[in-house]
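The file input-v2.cif comes next; it holds mmCIF, C-alpha atoms.
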data_protein
loop_
_atom_site.group_PDB
_atom_site.id
_atom_site.type_symbol
_atom_site.label_atom_id
_atom_site.label_comp_id
_atom_site.auth_asym_id
_atom_site.auth_seq_id
_atom_site.Cartn_x
_atom_site.Cartn_y
_atom_site.Cartn_z
ATOM 1 C CA MET A 63 83.953 120.394 148.124
ATOM 2 C CA GLU A 64 83.240 121.529 144.584
ATOM 3 C CA ASN A 65 82.679 119.138 141.713
ATOM 4 C CA GLN A 66 86.131 118.938 140.138
ATOM 5 C CA SER A 67 86.719 118.090 136.507
ATOM 6 C CA LYS A 68 89.825 116.470 135.180
ATOM 7 C CA VAL A 69 92.092 118.604 133.013
ATOM 8 C CA ILE A 70 94.694 117.998 130.345
ATOM 9 C CA MET A 71 97.832 120.090 130.120
ATOM 10 C CA ILE A 72 99.286 120.540 126.672
ATOM 11 C CA GLU A 73 102.194 122.592 125.417
ATOM 12 C CA ARG A 74 101.115 125.789 123.657
ATOM 13 C CA ASN A 75 102.721 124.917 120.307
ATOM 14 C CA LYS A 76 101.151 121.455 120.264
ATOM 15 C CA PHE A 77 97.757 122.954 121.038
ATOM 16 C CA ALA A 78 98.186 125.525 118.250
ATOM 17 C CA SER A 79 99.133 122.722 115.866
ATOM 18 C CA LEU A 80 96.015 120.733 116.828
ATOM 19 C CA VAL A 81 93.789 123.771 116.325
ATOM 20 C CA LYS A 82 95.401 124.455 112.943
ATOM 21 C CA ALA A 83 94.906 120.844 111.810
ATOM 22 C CA HIS A 84 91.310 120.872 113.039
ATOM 23 C CA ARG A 85 90.536 124.104 111.190
ATOM 24 C CA LYS A 86 92.127 122.733 108.016
ATOM 25 C CA CYS A 87 89.938 119.614 108.227
ATOM 26 C CA LEU A 88 86.811 121.723 108.747
ATOM 27 C CA GLN A 89 87.716 123.896 105.777
ATOM 28 C CA MET A 90 88.344 120.868 103.547
ATOM 29 C CA LEU A 91 85.026 119.366 104.596
ATOM 30 C CA SER A 92 83.234 122.633 103.899
ATOM 31 C CA ILE A 93 84.810 122.913 100.448
ATOM 32 C CA LEU A 94 84.001 119.285 99.604
ATOM 33 C CA ALA A 95 80.411 119.689 100.782
ATOM 34 C CA TYR A 96 80.057 122.835 98.664
ATOM 35 C CA ALA A 97 81.591 121.149 95.615
ATOM 36 C CA CYS A 98 79.311 118.137 95.979
ATOM 37 C CA ALA A 99 76.237 120.334 96.358
ATOM 38 C CA THR A 100 77.020 122.647 93.451
ATOM 39 C CA LYS A 101 78.198 119.889 91.125
ATOM 40 C CA GLU A 102 75.377 117.589 92.251
ATOM 41 C CA VAL A 103 77.850 114.856 93.097
ATOM 42 C CA ARG A 104 76.794 112.082 95.443
ATOM 43 C CA LEU A 105 79.692 110.501 97.262
ATOM 44 C CA THR A 106 78.843 106.927 98.116
ATOM 45 C CA PHE A 107 80.663 103.737 99.014
ATOM 46 C CA THR A 108 79.914 100.128 98.242
ATOM 47 C CA LEU A 109 79.848 97.508 100.984
ATOM 48 C CA LYS A 110 83.273 96.258 99.902
ATOM 49 C CA GLU A 111 84.720 99.789 100.095
ATOM 50 C CA ILE A 112 83.246 100.363 103.558
ATOM 51 C CA CYS A 113 84.639 97.071 104.820
ATOM 52 C CA GLU A 114 88.079 98.073 103.569
ATOM 53 C CA LEU A 115 87.903 101.639 104.872
ATOM 54 C CA LEU A 116 86.575 100.732 108.330
ATOM 55 C CA GLN A 117 88.421 97.407 108.506
ATOM 56 C CA MET A 118 85.180 95.585 109.284
ATOM 57 C CA SER A 119 83.603 92.400 108.098
ATOM 58 C CA ARG A 120 80.419 92.472 106.048
ATOM 59 C CA GLU A 121 78.595 91.088 109.077
ATOM 60 C CA GLU A 122 79.803 93.923 111.321
ATOM 61 C CA VAL A 123 78.741 96.536 108.769
ATOM 62 C CA GLU A 124 75.333 94.838 108.665
ATOM 63 C CA ARG A 125 75.113 94.984 112.487
ATOM 64 C CA GLN A 126 75.955 98.706 112.429
ATOM 65 C CA ARG A 127 73.314 99.168 109.734
ATOM 66 C CA GLN A 128 70.693 97.320 111.825
ATOM 67 C CA LYS A 129 71.548 99.523 114.813
ATOM 68 C CA GLY A 130 70.841 102.548 112.632
ATOM 69 C CA TYR A 131 74.398 103.895 112.669
ATOM 70 C CA ILE A 132 74.725 103.732 108.913
ATOM 71 C CA ARG A 133 72.059 104.137 106.250
ATOM 72 C CA PHE A 134 72.006 102.700 102.763
ATOM 73 C CA VAL A 135 70.178 103.207 99.493
ATOM 74 C CA TYR A 136 69.785 101.109 96.386
ATOM 75 C CA ARG A 137 71.201 102.857 93.337
ATOM 76 C CA ASN A 138 71.545 101.223 89.922
ATOM 77 C CA GLY A 139 70.899 97.806 91.474
ATOM 78 C CA MET A 140 73.622 98.226 94.110
ATOM 79 C CA THR A 141 73.518 98.918 97.821
ATOM 80 C CA VAL A 142 75.522 102.070 98.530
ATOM 81 C CA TYR A 143 76.287 104.050 101.655
ATOM 82 C CA GLU A 144 76.506 107.835 101.917
ATOM 83 C CA ILE A 145 79.906 109.281 102.817
ATOM 84 C CA THR A 146 78.430 111.303 105.704
ATOM 85 C CA ASP A 147 77.181 108.128 107.382
ATOM 86 C CA VAL A 148 80.522 106.401 106.842
ATOM 87 C CA LEU A 149 82.356 109.353 108.400
ATOM 88 C CA ARG A 150 79.971 109.462 111.361
ATOM 89 C CA LEU A 151 80.358 105.712 111.966
ATOM 90 C CA LYS A 152 84.153 105.848 111.677
ATOM 91 C CA ASN A 153 84.263 108.745 114.131
ATOM 92 C CA MET A 154 81.943 106.978 116.563
ATOM 93 C CA LEU A 155 84.032 103.814 116.478
ATOM 94 C CA GLU A 156 87.312 105.679 117.053
ATOM 95 C CA MET A 157 86.195 108.122 119.744
ATOM 96 C CA GLY A 158 85.923 105.487 122.483
ATOM 97 C CA SER A 159 89.631 104.733 122.318
ATOM 98 C CA VAL A 160 90.465 108.429 121.943
ATOM 99 C CA TYR A 161 88.545 109.281 125.125
ATOM 100 C CA ARG A 162 90.186 106.407 127.009
ATOM 101 C CA LYS A 163 93.647 107.682 126.027
ATOM 102 C CA ILE A 164 92.723 111.231 127.029
ATOM 103 C CA ASP A 165 91.368 110.047 130.363
ATOM 104 C CA GLU A 166 94.656 108.250 131.081
ATOM 105 C CA LYS A 167 96.486 111.581 130.777
ATOM 106 C CA ALA A 168 93.917 113.671 132.659
ATOM 107 C CA PHE A 169 94.292 114.793 136.246
ATOM 108 C CA ILE A 170 92.423 116.876 138.802
ATOM 109 C CA LEU A 171 93.771 120.332 139.399
ATOM 110 C CA GLU A 172 93.429 121.136 143.097
ATOM 111 C CA VAL A 173 93.730 124.542 144.654
ATOM 112 C CA ALA A 174 93.440 124.854 148.407
ATOM 113 C CA GLU A 175 90.995 127.556 149.553
ATOM 114 C CA LYS A 176 93.716 129.560 151.342
ATOM 115 C CA GLU A 177 96.081 129.340 148.398
ATOM 116 C CA LYS A 178 93.619 130.296 145.667
ATOM 117 C CA LYS A 179 94.600 133.943 145.844
ATOM 118 C CA GLU A 180 98.291 133.536 146.555
ATOM 119 C CA THR A 181 99.949 130.552 144.915
ATOM 120 C CA GLU A 182 99.967 128.238 141.929
ATOM 121 C CA PRO A 183 97.680 125.199 141.897
ATOM 122 C CA SER A 184 98.848 121.757 142.988
ATOM 123 C CA ILE A 185 98.363 118.687 140.824
ATOM 124 C CA ARG A 186 96.779 115.379 141.910
ATOM 125 C CA GLN A 187 96.586 112.297 139.684
#

Once you've parsed the file, please lay out its structure as structure tokens.
Amino acid sequence: MENQSKVIMIERNKFASLVKAHRKCLQMLSILAYACATKEVRLTFTLKEICELLQMSREEVERQRQKGYIRFVYRNGMTVYEITDVLRLKNMLEMGSVYRKIDEKAFILEVAEKEKKETEPSIRQ
């Protein structure tokens, strides 16, 4: 028996909408990165702003910092965090629940050896 991966079925229009939204986000990020580089703008957040954005306590942000998930620098007597690190941490924290939700909807697509050439695949959950 082959190693079978789980699959997700999604309606074509919903998939197209997801791809469109993803591309738009990538384009916005690219434009913002370019603007920051050419204008020499440094986008940073204070600890208070990160706590609000990520809905975390100061202690949790400190734990994430100690784990190396988020870096900081001292600028003008303040501790600030780079936007790229904040985005990476936010993504990391959210992806666990995203993958769990995806896995709930996934199933194994089985095709019997005899039927591979002749019929449509059967679905097993």

(request) Could you state which residues are captured by the PyMOL selection byres ((chain A and resi 131) around 9) in this file, as a VMD selection string? (result) chain A and resid 125 to 130 132 to 133 147 to 148 150 to 151

(request) Work out how far apart CA of Glu102 in chain A and CA of Leu88 in chain A are and give it in Å to one decimal. (result) 20.5 Å

(message) One decimal, in Å: what's the spacing between CA of Leu115 in chain A and CA of His84 in chain A?
(response)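 These atoms are spaced 21.2 Å apart.
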
(message) What does the structure give for the distance between CA of Thr108 in chain A and CA of Thr141 in chain A, in Å to one decimal?
(response) 6.5 Å

(request) Do a neighbour search on Thr106 in chain A at 10 Å with all atoms listed in the file, toss out local chain neighbours closer than 3 positions, and write the hits as a PyMOL selection string. (result) chain A and resi 103+109+111-112+134-135+137+141-148

For range 112-131 of chain A, take all atoms listed in the file, fit an axis-aligned box around them, add 4 Å to each of the six sides, then output centre and edge lengths in Å rounded to one decimal, as AutoDock Vina command-line options.
--center_x 79.6 --center_y 97.5 --center_z 109.2 --size_x 25.7 --size_y 20.8 --size_z 19.3

(request) Could you tell me which residues the PyMOL selection byres ((chain A and resi 70) around 6) returns for this structure, as a PyMOL selection string? (result) chain A and resi 69+71+168

With C-alpha atoms retained, could you export that selection as a PDB file, in the frame of the given file?
ATOM      1  CA  VAL A  69      92.092 118.604 133.013  1.00  0.00           C
ATOM      2  CA  MET A  71      97.832 120.090 130.120  1.00  0.00           C
ATOM      3  CA  ALA A 168      93.917 113.671 132.659  1.00  0.00           C
TER       4      ALA A 168
END

Missing atoms in range 96-110 of chain A need filling: write out N, CA and C atoms for it as a PDB file, in the coordinates of the input.
ATOM      1  N   TYR A  96      80.487 121.832  99.645  1.00  0.00           N
ATOM      2  CA  TYR A  96      80.057 122.835  98.664  1.00  0.00           C
ATOM      3  C   TYR A  96      80.206 122.297  97.239  1.00  0.00           C
ATOM      4  N   ALA A  97      81.348 121.693  96.962  1.00  0.00           N
ATOM      5  CA  ALA A  97      81.591 121.149  95.615  1.00  0.00           C
ATOM      6  C   ALA A  97      80.577 120.067  95.278  1.00  0.00           C
ATOM      7  N   CYS A  98      80.286 119.202  96.227  1.00  0.00           N
ATOM      8  CA  CYS A  98      79.311 118.137  95.979  1.00  0.00           C
ATOM      9  C   CYS A  98      77.925 118.712  95.735  1.00  0.00           C
ATOM     10  N   ALA A  99      77.564 119.732  96.508  1.00  0.00           N
ATOM     11  CA  ALA A  99      76.237 120.334  96.358  1.00  0.00           C
ATOM     12  C   ALA A  99      76.109 121.073  95.031  1.00  0.00           C
ATOM     13  N   THR A 100      77.120 121.847  94.678  1.00  0.00           N
ATOM     14  CA  THR A 100      77.020 122.647  93.451  1.00  0.00           C
ATOM     15  C   THR A 100      77.193 121.806  92.196  1.00  0.00           C
ATOM     16  N   LYS A 101      77.967 120.757  92.286  1.00  0.00           N
ATOM     17  CA  LYS A 101      78.198 119.889  91.125  1.00  0.00           C
ATOM     18  C   LYS A 101      77.218 118.718  91.101  1.00  0.00           C
ATOM     19  N   GLU A 102      76.353 118.666  92.115  1.00  0.00           N
ATOM     20  CA  GLU A 102      75.377 117.589  92.251  1.00  0.00           C
ATOM     21  C   GLU A 102      76.041 116.219  92.222  1.00  0.00           C
ATOM     22  N   VAL A 103      77.107 116.106  92.987  1.00  0.00           N
ATOM     23  CA  VAL A 103      77.850 114.856  93.097  1.00  0.00           C
ATOM     24  C   VAL A 103      77.400 114.147  94.372  1.00  0.00           C
ATOM     25  N   ARG A 104      77.153 112.873  94.264  1.00  0.00           N
ATOM     26  CA  ARG A 104      76.794 112.082  95.443  1.00  0.00           C
ATOM     27  C   ARG A 104      77.961 111.150  95.741  1.00  0.00           C
ATOM     28  N   LEU A 105      78.574 111.358  96.871  1.00  0.00           N
ATOM     29  CA  LEU A 105      79.692 110.501  97.262  1.00  0.00           C
ATOM     30  C   LEU A 105      79.154 109.317  98.053  1.00  0.00           C
ATOM     31  N   THR A 106      79.326 108.151  97.481  1.00  0.00           N
ATOM     32  CA  THR A 106      78.843 106.927  98.116  1.00  0.00           C
ATOM     33  C   THR A 106      79.926 105.860  98.077  1.00  0.00           C
ATOM     34  N   PHE A 107      79.747 104.869  98.947  1.00  0.00           N
ATOM     35  CA  PHE A 107      80.663 103.737  99.014  1.00  0.00           C
ATOM     36  C   PHE A 107      79.869 102.448  98.873  1.00  0.00           C
ATOM     37  N   THR A 108      80.503 101.464  98.285  1.00  0.00           N
ATOM     38  CA  THR A 108      79.914 100.128  98.242  1.00  0.00           C
ATOM     39  C   THR A 108      80.239  99.421  99.554  1.00  0.00           C
ATOM     40  N   LEU A 109      79.589  98.291  99.775  1.00  0.00           N
ATOM     41  CA  LEU A 109      79.848  97.508 100.984  1.00  0.00           C
ATOM     42  C   LEU A 109      81.318  97.092 101.056  1.00  0.00           C
ATOM     43  N   LYS A 110      81.865  96.665  99.937  1.00  0.00           N
ATOM     44  CA  LYS A 110      83.273  96.258  99.902  1.00  0.00           C
ATOM     45  C   LYS A 110      84.188  97.418 100.289  1.00  0.00           C
TER      46      LYS A 110
END
